[in-house]
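K.L.:
To be precise about what I am sending: the file is called final-v3.csv and holds CSV, C-alpha atoms.
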chain,number,residue,atom,x,y,z
Y,399,MET,CA,-8.5,6.6,4.3
Y,400,THR,CA,-11.9,7.3,5.8
Y,401,ALA,CA,-15.0,5.4,4.7
Y,402,PRO,CA,-18.0,7.6,3.8
Y,403,ALA,CA,-21.4,6.7,5.1
Y,404,ASP,CA,-23.1,4.0,3.1
Y,405,THR,CA,-26.3,6.0,2.3
Y,406,THR,CA,-26.4,6.0,-1.5
Y,407,PRO,CA,-28.3,3.3,-3.5
Y,408,PRO,CA,-26.0,0.3,-4.1
Y,409,PRO,CA,-24.4,0.3,-7.6
Y,410,GLY,CA,-25.4,-2.4,-10.0
Y,411,PRO,CA,-23.5,-5.7,-10.5
Y,412,ASP,CA,-20.1,-5.8,-11.9
Y,413,PRO,CA,-21.1,-5.9,-15.5
Y,414,GLY,CA,2.9,-16.3,-19.1
Y,415,LEU,CA,5.5,-17.2,-20.5
Y,416,ALA,CA,5.2,-20.6,-18.9
Y,417,ALA,CA,2.1,-22.8,-18.8
Y,418,GLY,CA,-0.2,-21.7,-16.0
Y,419,PRO,CA,-3.8,-21.7,-14.8
Y,420,ASP,CA,-6.5,-20.9,-17.3
Y,421,LEU,CA,-7.5,-17.2,-17.3
Y,422,GLY,CA,-10.9,-18.3,-18.6
Y,423,SER,CA,-11.7,-19.8,-15.3
Y,424,VAL,CA,-11.1,-16.4,-13.6
Y,425,LEU,CA,-12.8,-14.1,-16.2
Y,426,GLY,CA,-15.3,-16.4,-17.8
Y,427,PRO,CA,-19.0,-16.9,-16.9
Y,428,ASP,CA,-18.5,-20.0,-14.8
Y,429,LEU,CA,-17.9,-18.2,-11.5
Y,430,GLY,CA,-18.8,-21.2,-9.4
Y,431,HIS,CA,-15.9,-23.2,-11.0
Y,432,ALA,CA,-13.5,-20.2,-10.4
Y,433,LEU,CA,-14.5,-19.8,-6.8
Y,434,ALA,CA,-14.1,-23.6,-6.2
Y,435,SER,CA,-10.5,-23.4,-7.2
Y,436,VAL,CA,-9.5,-20.2,-5.4
Y,437,PRO,CA,-6.1,-20.7,-3.7
Y,438,ALA,CA,-6.1,-20.5,0.1
Y,439,VAL,CA,-5.1,-17.2,1.7
Y,440,ARG,CA,-3.5,-17.6,5.1
Y,441,PRO,CA,-2.0,-15.3,7.7
Y,442,VAL,CA,1.8,-15.0,8.0
Y,443,VAL,CA,4.1,-13.4,10.5
Y,444,LEU,CA,7.7,-12.5,9.6
Y,445,ASP,CA,10.5,-11.6,12.0
Y,446,ALA,CA,12.1,-8.5,10.6
Y,447,GLY,CA,15.0,-7.9,12.9
Y,448,GLY,CA,12.8,-8.1,16.0
Y,449,VAL,CA,9.8,-6.3,14.4
Y,450,GLN,CA,6.9,-8.7,14.0
Y,451,VAL,CA,5.5,-8.0,10.5
Y,452,SER,CA,2.1,-9.6,9.9
Y,453,GLY,CA,0.3,-10.2,6.6
Y,454,LEU,CA,-1.5,-12.5,4.2
Y,455,LEU,CA,0.0,-15.2,1.9
Y,456,ALA,CA,-1.3,-17.0,-1.1
Y,457,GLU,CA,0.8,-19.5,-3.0
Y,458,PRO,CA,0.3,-21.5,-6.3
Y,459,ALA,CA,-1.1,-25.0,-6.0
Y,460,GLY,CA,1.5,-27.4,-4.7
Y,461,VAL,CA,4.0,-24.8,-3.4
Y,462,HIS,CA,2.8,-24.8,0.2
Y,463,ASP,CA,2.7,-28.6,0.6
Y,464,GLY,CA,5.8,-29.3,-1.5
Y,465,THR,CA,4.0,-31.2,-4.2
Y,466,GLY,CA,4.6,-28.5,-6.8
Y,467,GLY,CA,7.6,-26.5,-8.1
Y,468,ALA,CA,8.7,-23.0,-7.2
Y,469,PRO,CA,6.5,-20.0,-7.9
Y,470,ARG,CA,7.4,-17.8,-10.9
Y,471,ALA,CA,8.0,-14.9,-8.6
Y,472,VAL,CA,6.7,-13.3,-5.4
Y,473,ILE,CA,4.3,-10.3,-5.7
Y,474,VAL,CA,4.8,-8.1,-2.5
Y,475,ALA,CA,1.6,-6.1,-2.0
Y,476,VAL,CA,2.0,-2.9,0.1
Y,477,HIS,CA,-1.1,-1.2,1.4
Y,478,GLY,CA,-1.8,2.5,1.7
Y,479,ARG,CA,-2.5,4.9,4.6
Y,480,GLY,CA,-4.8,3.8,7.3
Y,481,MET,CA,-5.3,0.4,5.7
Y,482,CYS,CA,-4.0,-3.2,6.1
Y,483,ALA,CA,-3.0,-6.2,4.1
Y,484,ASP,CA,-6.6,-7.3,3.6
Y,485,TYR,CA,-7.0,-4.4,1.2
Y,486,PHE,CA,-5.7,-6.8,-1.5
Y,487,ASN,CA,-8.0,-9.7,-0.7
Y,488,GLY,CA,-11.2,-9.0,-2.6
Y,489,LEU,CA,-13.2,-7.1,0.1
Y,490,THR,CA,-16.7,-7.7,-1.5
Y,491,ASP,CA,-15.9,-10.0,-4.4
Y,492,PRO,CA,-13.3,-12.9,-4.1
Y,493,LEU,CA,-12.5,-12.6,-7.8
Y,494,ASN,CA,-11.1,-9.2,-7.2
Y,495,SER,CA,-8.4,-10.5,-4.8
Y,496,LEU,CA,-4.9,-9.8,-6.0
Y,497,LEU,CA,-3.8,-12.6,-3.6
Y,498,THR,CA,-5.8,-15.4,-5.2
Y,499,LEU,CA,-5.4,-14.1,-8.8
Y,500,GLY,CA,-1.6,-13.9,-8.6
Y,501,ALA,CA,-1.5,-17.4,-7.0
Y,502,ARG,CA,-3.7,-18.8,-9.8
Y,503,LEU,CA,-1.3,-17.4,-12.4
Y,504,GLY,CA,1.7,-19.1,-10.8
Y,505,HIS,CA,3.0,-16.4,-8.4
Y,506,THR,CA,3.2,-16.3,-4.7
Y,507,VAL,CA,1.5,-13.1,-3.4
Y,508,LEU,CA,2.6,-11.7,0.0
Y,509,ALA,CA,0.5,-8.8,1.3
Y,510,LEU,CA,2.2,-7.2,4.3
Y,511,ASP,CA,1.0,-4.9,7.1
Y,512,ARG,CA,3.4,-2.1,7.0
Y,513,PRO,CA,5.4,-1.3,10.2
Y,514,GLY,CA,3.1,0.5,12.6
Y,515,TYR,CA,0.1,-1.5,11.3
Y,516,GLY,CA,-1.2,-5.0,12.1
Y,517,LEU,CA,0.8,-7.0,14.6
Y,518,SER,CA,3.7,-4.5,14.7
Y,519,ALA,CA,1.4,-1.7,15.9
Y,520,ARG,CA,2.0,-3.0,19.4
Y,521,GLN,CA,5.8,-2.6,19.1
Y,522,LEU,CA,5.6,0.6,17.1
Y,523,PRO,CA,2.7,2.6,18.5
Y,524,ASP,CA,4.0,5.8,16.8
Y,525,GLY,CA,5.0,3.9,13.6
Y,526,GLN,CA,8.1,4.7,11.6
Y,527,SER,CA,9.2,7.1,8.9
Y,528,LEU,CA,8.7,6.0,5.3
Y,529,GLY,CA,12.4,5.2,4.9
Y,530,GLU,CA,12.5,3.2,8.2
Y,531,GLN,CA,9.5,1.2,7.0
Y,532,ALA,CA,11.3,0.4,3.8
Y,533,VAL,CA,14.3,-1.1,5.7
Y,534,VAL,CA,12.0,-3.2,7.9
Y,535,LEU,CA,10.1,-4.6,4.9
Y,536,HIS,CA,13.4,-5.4,3.1
Y,537,THR,CA,14.4,-7.3,6.2
Y,538,ALA,CA,11.0,-9.1,6.3
Y,539,LEU,CA,11.5,-10.2,2.7
Y,540,ALA,CA,14.9,-11.6,3.5
Y,541,ALA,CA,13.3,-13.6,6.3
Y,542,PHE,CA,10.6,-14.8,4.0
Y,543,ALA,CA,13.1,-16.0,1.4
Y,544,GLN,CA,14.8,-18.2,4.1
Y,545,THR,CA,11.7,-20.3,4.5
Y,546,HIS,CA,9.8,-20.0,1.2
Y,547,PRO,CA,10.7,-20.5,-2.4
Y,548,THR,CA,10.7,-17.2,-4.3
Y,549,GLY,CA,11.2,-18.1,-7.9
Y,550,ALA,CA,12.7,-15.2,-9.9
Y,551,GLY,CA,12.5,-12.9,-6.9
Y,552,PHE,CA,10.4,-10.1,-5.4
Y,553,PHE,CA,8.1,-7.7,-7.3
Y,554,LEU,CA,6.5,-4.7,-5.5
Y,555,ALA,CA,2.8,-3.8,-6.1
Y,556,ALA,CA,1.9,-0.8,-3.9
Y,557,HIS,CA,-1.0,1.5,-3.3
Y,558,SER,CA,-1.0,5.2,-2.3
Y,559,ASP,CA,1.2,5.8,0.8
Y,560,GLY,CA,2.4,2.2,0.3
Y,561,GLY,CA,3.8,3.4,-3.0
Y,562,LYS,CA,5.9,6.0,-1.2
Y,563,VAL,CA,7.4,3.2,1.0
Y,564,ALA,CA,7.9,1.1,-2.1
Y,565,PHE,CA,9.8,3.9,-3.8
Y,566,HIS,CA,12.0,4.1,-0.7
Y,567,MET,CA,12.6,0.3,-1.0
Y,568,ALA,CA,13.4,0.5,-4.7
Y,569,ALA,CA,15.8,3.4,-4.1
Y,570,GLY,CA,17.6,1.7,-1.3
Y,571,GLU,CA,20.7,-0.5,-1.3
Y,572,ALA,CA,18.7,-3.7,-1.9
Y,573,GLY,CA,16.3,-2.1,-4.4
Y,574,GLY,CA,18.3,-3.2,-7.5
Y,575,SER,CA,17.6,-6.9,-6.7
Y,576,LEU,CA,13.8,-6.3,-7.1
Y,577,LEU,CA,12.1,-7.3,-10.3
Y,578,GLY,CA,10.0,-4.2,-10.8
Y,579,LEU,CA,7.8,-1.6,-9.1
Y,580,ASP,CA,4.1,-1.3,-9.8
Y,581,VAL,CA,2.5,1.7,-8.0
Y,582,ASN,CA,-1.1,3.0,-8.1
Y,583,GLY,CA,-2.6,6.1,-6.5
Y,584,CYS,CA,0.8,7.7,-5.7
Y,585,GLY,CA,1.9,10.8,-7.7
Y,586,TRP,CA,4.4,13.5,-7.0
Y,587,GLN,CA,2.7,16.8,-6.4
Y,588,TYR,CA,-0.6,17.0,-4.5
Y,589,ASN,CA,-3.8,18.3,-6.0
Y,590,PRO,CA,-4.3,21.8,-4.4
Y,591,GLU,CA,-7.5,20.4,-2.7
Y,592,ALA,CA,-5.3,17.9,-0.8
Y,593,ARG,CA,-2.7,20.3,0.4
Y,594,HIS,CA,-4.2,21.5,3.7
Y,595,PHE,CA,-2.7,19.0,6.1
Y,596,PRO,CA,-3.8,17.4,8.3
Y,597,ASP,CA,-7.4,18.5,7.9
Y,598,THR,CA,-8.2,16.8,4.6
Y,599,LEU,CA,-6.7,13.5,5.9
Y,600,GLY,CA,-9.7,13.1,8.2
Y,601,GLY,CA,-13.4,12.9,7.4
Y,602,GLY,CA,-13.1,15.7,4.8
Y,603,ALA,CA,-10.9,13.4,2.6
Y,604,SER,CA,-13.7,10.9,1.8
Y,605,ARG,CA,-14.3,12.3,-1.7
Y,606,LEU,CA,-10.5,12.3,-2.4
Y,607,ASN,CA,-10.2,8.7,-1.3
Y,608,TRP,CA,-13.2,7.3,-3.1
Y,609,GLY,CA,-14.4,9.5,-6.0
Y,610,PRO,CA,-17.8,8.6,-7.4
Y,611,LEU,CA,-19.5,6.0,-5.3
Y,612,HIS,CA,-20.8,4.0,-8.3
Y,613,LEU,CA,-17.3,2.8,-8.9
Y,614,TYR,CA,-17.5,0.4,-6.0
Y,615,PRO,CA,-19.6,-2.9,-5.5
Y,616,PRO,CA,-22.6,-2.9,-3.1
Y,617,GLY,CA,-21.6,-3.1,0.5
Y,618,THR,CA,-18.0,-1.8,-0.1
Y,619,PHE,CA,-18.3,1.2,2.3
Y,620,ARG,CA,-19.7,-0.9,5.2
Y,621,ALA,CA,-17.2,-3.7,4.6
Y,622,SER,CA,-14.2,-1.3,4.3
Y,623,ARG,CA,-14.5,-0.3,7.9
Y,624,SER,CA,-12.9,-3.7,8.7
Y,625,LEU,CA,-9.8,-2.5,6.9
Y,626,LEU,CA,-9.3,0.8,8.6
Y,627,GLN,CA,-6.5,1.3,11.0
Y,628,ARG,CA,-5.1,4.2,13.0
Y,629,VAL,CA,-2.5,6.1,11.0
Y,630,PRO,CA,0.8,6.1,13.0
Y,631,ARG,CA,2.0,9.5,14.1
Y,632,GLN,CA,5.4,9.3,12.4
Y,633,GLU,CA,3.9,8.4,9.1
Y,634,ALA,CA,1.3,11.1,9.3
Y,635,ALA,CA,4.0,13.7,10.0
Y,636,GLN,CA,5.7,12.8,6.7
Y,637,THR,CA,2.7,13.2,4.4
Y,638,ALA,CA,3.4,16.8,3.5
Y,639,ALA,CA,7.1,16.1,2.9
Y,640,TRP,CA,6.6,13.6,0.1
Y,641,PRO,CA,6.9,16.2,-2.8
Y,642,GLY,CA,10.4,16.9,-1.5
Y,643,GLN,CA,11.3,13.2,-0.9
Y,644,TYR,CA,10.3,11.9,-4.4
Y,645,PRO,CA,13.0,13.7,-6.4
Y,646,ARG,CA,15.7,12.4,-4.1
Y,647,LEU,CA,14.5,8.8,-4.5
Y,648,ALA,CA,13.5,8.7,-8.2
Y,649,GLY,CA,17.0,8.9,-9.7
Y,650,ARG,CA,18.1,6.0,-7.6
Y,651,VAL,CA,15.5,3.6,-8.8
Y,652,THR,CA,17.1,1.1,-11.3
Y,653,ILE,CA,14.3,-1.3,-12.0
Y,654,PRO,CA,11.2,-1.0,-14.3
Y,655,VAL,CA,8.4,1.2,-13.0
Y,656,ARG,CA,4.7,1.3,-13.8
Y,657,LEU,CA,2.5,4.1,-12.5
Y,658,THR,CA,-1.3,3.7,-12.6
Y,659,PHE,CA,-3.9,6.4,-11.8
Y,660,GLY,CA,-7.6,5.9,-11.7
Y,661,GLU,CA,-9.8,8.1,-14.0
Y,662,HIS,CA,-11.2,9.7,-10.9
Y,663,GLU,CA,-8.0,10.0,-8.9
Y,664,LEU,CA,-8.3,13.3,-6.9
Y,665,TRP,CA,-5.2,13.3,-4.6
Y,666,TRP,CA,-2.6,14.3,-7.2
Y,667,ARG,CA,-1.9,16.7,-10.0
Y,668,LEU,CA,-2.1,14.5,-13.0
Y,669,GLY,CA,-2.0,16.7,-16.1
Y,670,ASP,CA,0.3,15.5,-18.9
Y,671,ASP,CA,2.9,18.0,-17.9
Y,672,ASP,CA,2.8,16.8,-14.3
Y,673,LEU,CA,3.2,13.2,-15.2
Y,674,THR,CA,6.0,14.0,-17.7
Y,675,ALA,CA,7.9,15.8,-14.9
Y,676,MET,CA,7.4,12.9,-12.5
Y,677,THR,CA,8.6,10.3,-14.9
Y,678,ALA,CA,11.5,12.4,-16.1
Y,679,LEU,CA,13.0,12.1,-12.7
Y,680,LEU,CA,13.2,8.3,-13.0
Y,681,THR,CA,16.5,8.7,-14.9
Y,682,ALA,CA,18.0,5.3,-13.9
Y,683,ALA,CA,14.9,3.2,-14.5
Y,684,PRO,CA,15.3,1.0,-17.6
Y,685,HIS,CA,11.6,1.3,-18.4
Y,686,VAL,CA,8.8,3.5,-17.2
Y,687,ALA,CA,5.1,3.2,-18.0
Y,688,VAL,CA,2.1,5.3,-17.0
Y,689,GLU,CA,-1.5,4.1,-17.3
Y,690,ARG,CA,-4.8,5.8,-16.6
Y,691,LEU,CA,-7.4,3.3,-15.6
Y,692,PRO,CA,-11.0,4.0,-16.7
Y,693,GLU,CA,-13.9,3.8,-14.2
Y,694,ALA,CA,-11.6,3.8,-11.1
Y,695,GLY,CA,-11.1,6.0,-8.1
Y,696,HIS,CA,-8.2,6.2,-5.7
Y,697,ASN,CA,-9.0,2.9,-4.0
Y,698,ILE,CA,-8.7,0.8,-7.2
Y,699,SER,CA,-8.4,-2.6,-5.5
Y,700,LEU,CA,-11.8,-2.1,-3.7
Y,701,GLY,CA,-13.7,-1.1,-6.9
Y,702,HIS,CA,-15.2,-2.7,-9.9
Y,703,ALA,CA,-11.9,-2.0,-11.8
Y,704,ALA,CA,-9.9,-4.1,-9.3
Y,705,ARG,CA,-9.7,-7.2,-11.5
Y,706,ALA,CA,-8.6,-5.3,-14.6
Y,707,HIS,CA,-6.0,-3.5,-12.6
Y,708,HIS,CA,-4.6,-6.7,-11.0
Y,709,LEU,CA,-4.4,-8.4,-14.3
Y,710,ARG,CA,-2.4,-5.5,-15.6
Y,711,THR,CA,-0.1,-5.7,-12.6
Y,712,VAL,CA,0.6,-9.4,-13.3
Y,713,ALA,CA,1.1,-8.6,-17.0
Y,714,PHE,CA,3.7,-6.0,-16.0
Y,715,LEU,CA,5.5,-8.5,-13.8
Y,716,GLU,CA,5.6,-10.9,-16.8
Y,717,GLU,CA,7.3,-8.0,-18.8
Y,718,CYS,CA,9.8,-7.6,-16.0
Y,719,LEU,CA,10.5,-11.3,-16.0
Y,720,LEU,CA,11.1,-11.2,-19.7
Y,721,ARG,CA,13.5,-8.2,-19.3
Y,722,ALA,CA,15.4,-10.0,-16.6
Y,723,ARG,CA,15.7,-13.1,-18.7
Y,724,THR,CA,16.9,-11.3,-21.8
Y,725,GLY,CA,19.2,-8.9,-19.9
Y,726,THR,CA,17.3,-5.8,-21.1
Y,727,ARG,CA,16.5,-4.4,-17.6
The structure given in the file should be rewritten as structure tokens.

P.N.:
Amino acid sequence: MTAPADTTPPPGPDPGLAAGPDLGSVLGPDLGHALASVPAVRPVVLDAGGVQVSGLLAEPAGVHDGTGGAPRAVIVAVHGRGMCADYFNGLTDPLNSLLTLGARLGHTVLALDRPGYGLSARQLPDGQSLGEQAVVLHTALAAFAQTHPTGAGFFLAAHSDGGKVAFHMAAGEAGGSLLGLDVNGCGWQYNPEARHFPDTLGGGASRLNWGPLHLYPPGTFRASRSLLQRVPRQEAAQTAAWPGQYPRLAGRVTIPVRLTFGEHELWWRLGDDDLTAMTALLTAAPHVAVERLPEAGHNISLGHAARAHHLRTVAFLEECLLRARTGTR
């Protein structure tokens, strides 16, 4: 993604099954109390078959130091094109962090830099194909499970091009062991305005990436420059191939799937017929849900709607846990 110049006036302020942290302390008016109890987010490096995968980790209270029990599950957050794991960490508002929200609700949250980003960019200067990235991330999760409690297992929460990698992961040999797949900002057929590769993937893609600027907190576009990373060559070369890849993957996904699109999502064709055709290809998924999120653009986790979206993500994970427990997956 490319950040637009921050020249517009800043927008106004942001108007479980088991016992867990009180949601009121996250959503209520006492923000000082909420911030005082925010779980720690720390860097992590995983050895994925020789590829050093970096990322960020937040765990529920007591899990890290051994004084608590296991997490309910592990949310694996997969960032989009040209971004990094910090995308999920509340860029301008700590209460919008998926990492800390998930940990407060009893889940470990592991946000990974995809292969070709973060620490692995040194080893993989040209990056990897989407399918190769999926294999490396599966290997990284296996390494994580050897040294960290994982509760009920791994649940994927992915954005944009990270959603493409997540679909590859879910369709792969190890995909059936995942709890569920929650993807936002990743459709099937591109909006005609986004078809002229690679030109619209540079500065001309700002409107597609962001939508109306009032959807984002003050300072977002300046702060977002810290998230931007070079798009690896191999990944960029596959962008236009996605409409052909998705049908081959969709029928092999055997876990629950939730797709979310912001009200102002501009990258994809999102008419009712388009979404019906996309979900119809998920023939082996036991449950498929599609949501349209009001007051959100493509970069949902950077906008005012981030908290609402992340709460829905955790709620979908709880549905997946219930399905796994009752055998209705």

K.L.:
Within 9 Å of Ala635 of chain Y, counting all atoms listed in the file, which residues qualify if same-chain residues fewer than 4 places away don't, as a PyMOL selection string?

P.N.:
chain Y and resi 527+596+630-631+639

K.L.:
Once you count all atoms listed in the file, which residues end up no further than 7 Å from (-15.5, 2.5, -13.4) in the file's frame, shown as a list in words?

P.N.:
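Those residues, ordered by chain and then number, are Leu613, Pro692, Glu693, Ala694, His702 and Ala703 of chain Y.
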
K.L.:
So how many Å separate atom CA of Leu647 of chain Y and atom CA of Gly514 of chain Y, to one decimal?

P.N.:
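Distance reported for this atom pair: 22.2 Å.
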
K.L.:
Step by step: start from the point (-0.1, -2.2, 2.1) in the file's coordinates, keep every protein, DNA or RNA residue that has an atom no farther than 12 Å from it, count all atoms listed in the file, and write the set as number ranges by chain.

P.N.:
Y: 451-454, 474-487, 508-516, 531-532, 535, 554-564, 581-582, 625-627, 697, 699

K.L.:
For atom CA of Gly570 of chain Y and atom CA of Thr681 of chain Y, quote the distance in Å rounded to one decimal.

P.N.:
15.3 Å

K.L.:
For segment 583-585 of chain Y, list every protein, DNA or RNA residue within 10 Å, evaluated using all atoms listed in the file, and leave out those in the same chain fewer than 5 positions away; present the list as a VMD selection string.

P.N.:
chain Y and resid 478 556 to 562 565 607 640 to 641 644 657 to 660 663 to 668 672 to 673 676 to 677 695 to 698

K.L.:
What's the separation between atom CA of Ala621 of chain Y and atom CA of Leu493 of chain Y, in Å to one decimal place?

P.N.:
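Rounded to one decimal, the two atoms are 16.0 Å apart.
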
K.L.:
Kindly indicate which residue among Y:Arg623, Y:Glu716, Y:Gln643, Y:Val534 lies nearest to Gly447 of chain Y, using all atoms listed in the file for the distances.

P.N.:
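For Gly447 of chain Y, the nearest of the given residues is Y:Val534.
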
K.L.:
May I ask which of the residues Y:Pro458, Y:Gly488, Y:Gly467, Y:Gly642 is the closest one to Thr618 of chain Y, counting all atoms listed in the file?

P.N.:
Y:Gly488

K.L.:
Would you please work out which residue, of Y:Pro437, Y:Gly460, Y:Gly466, Y:Gly448, is nearest to Gly500 of chain Y when using only C-alpha atoms?

P.N.:
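Closest to Gly500 of chain Y, using only C-alpha atoms: Y:Pro437.
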
K.L.:
So which one's closest to Pro523 of chain Y, Y:Ser495, Y:Glu633, Y:His536, Y:Pro547? Using all atoms listed in the file, please.

P.N.:
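When distances to Pro523 of chain Y are compared using all atoms listed in the file, the smallest one comes from Y:Glu633.
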
K.L.:
Compile the contact shell of Ala456 of chain Y as a PDB file with C-alpha atoms, keeping the file's coordinate frame: residues with an atom at most 7 Å away, counting all atoms listed in the file, same-chain residues fewer than 2 positions apart removed.

P.N.:
ATOM      1  CA  PRO Y 437      -6.100 -20.700  -3.700  1.00  0.00           C
ATOM      2  CA  ALA Y 438      -6.100 -20.500   0.100  1.00  0.00           C
ATOM      3  CA  VAL Y 439      -5.100 -17.200   1.700  1.00  0.00           C
ATOM      4  CA  ARG Y 440      -3.500 -17.600   5.100  1.00  0.00           C
ATOM      5  CA  LEU Y 454      -1.500 -12.500   4.200  1.00  0.00           C
ATOM      6  CA  LEU Y 497      -3.800 -12.600  -3.600  1.00  0.00           C
ATOM      7  CA  THR Y 498      -5.800 -15.400  -5.200  1.00  0.00           C
ATOM      8  CA  ALA Y 501      -1.500 -17.400  -7.000  1.00  0.00           C
ATOM      9  CA  THR Y 506       3.200 -16.300  -4.700  1.00  0.00           C
ATOM     10  CA  VAL Y 507       1.500 -13.100  -3.400  1.00  0.00           C
ATOM     11  CA  LEU Y 508       2.600 -11.700   0.000  1.00  0.00           C
TER      12      LEU Y 508
END

K.L.:
Point out the residue among Y:Ala706, Y:Leu503, Y:Ile653, Y:Leu606 with the least atom-to-atom distance to Arg470 of chain Y, counting all atoms listed in the file.

P.N.:
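Of Y:Ala706, Y:Leu503, Y:Ile653, Y:Leu606, the one nearest Arg470 of chain Y is Y:Leu503, counting all atoms listed in the file.
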
K.L.:
Could you name the residues that touch Gly574 of chain Y at 8 Å or less, counting all atoms listed in the file, but leaving out those on the same chain fewer than 3 positions away, as a tab-separated table (two decimals) with C-alpha atoms, in the coordinates of the input?

P.N.:
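Final output, selection-v8.tsv:
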chain	number	residue	atom	x	y	z
Y	568	ALA	CA	13.40	0.50	-4.70
Y	569	ALA	CA	15.80	3.40	-4.10
Y	570	GLY	CA	17.60	1.70	-1.30
Y	571	GLU	CA	20.70	-0.50	-1.30
Y	577	LEU	CA	12.10	-7.30	-10.30
Y	651	VAL	CA	15.50	3.60	-8.80
Y	652	THR	CA	17.10	1.10	-11.30
Y	653	ILE	CA	14.30	-1.30	-12.00

K.L.:
Skip Gly551 of chain Y itself and residues of its chain fewer than 4 positions away, then list as an MDAnalysis selection string all residues within 10 Å of it, counting all atoms listed in the file.

P.N.:
chainID Y and resid 469:473 543 547 575:578 719
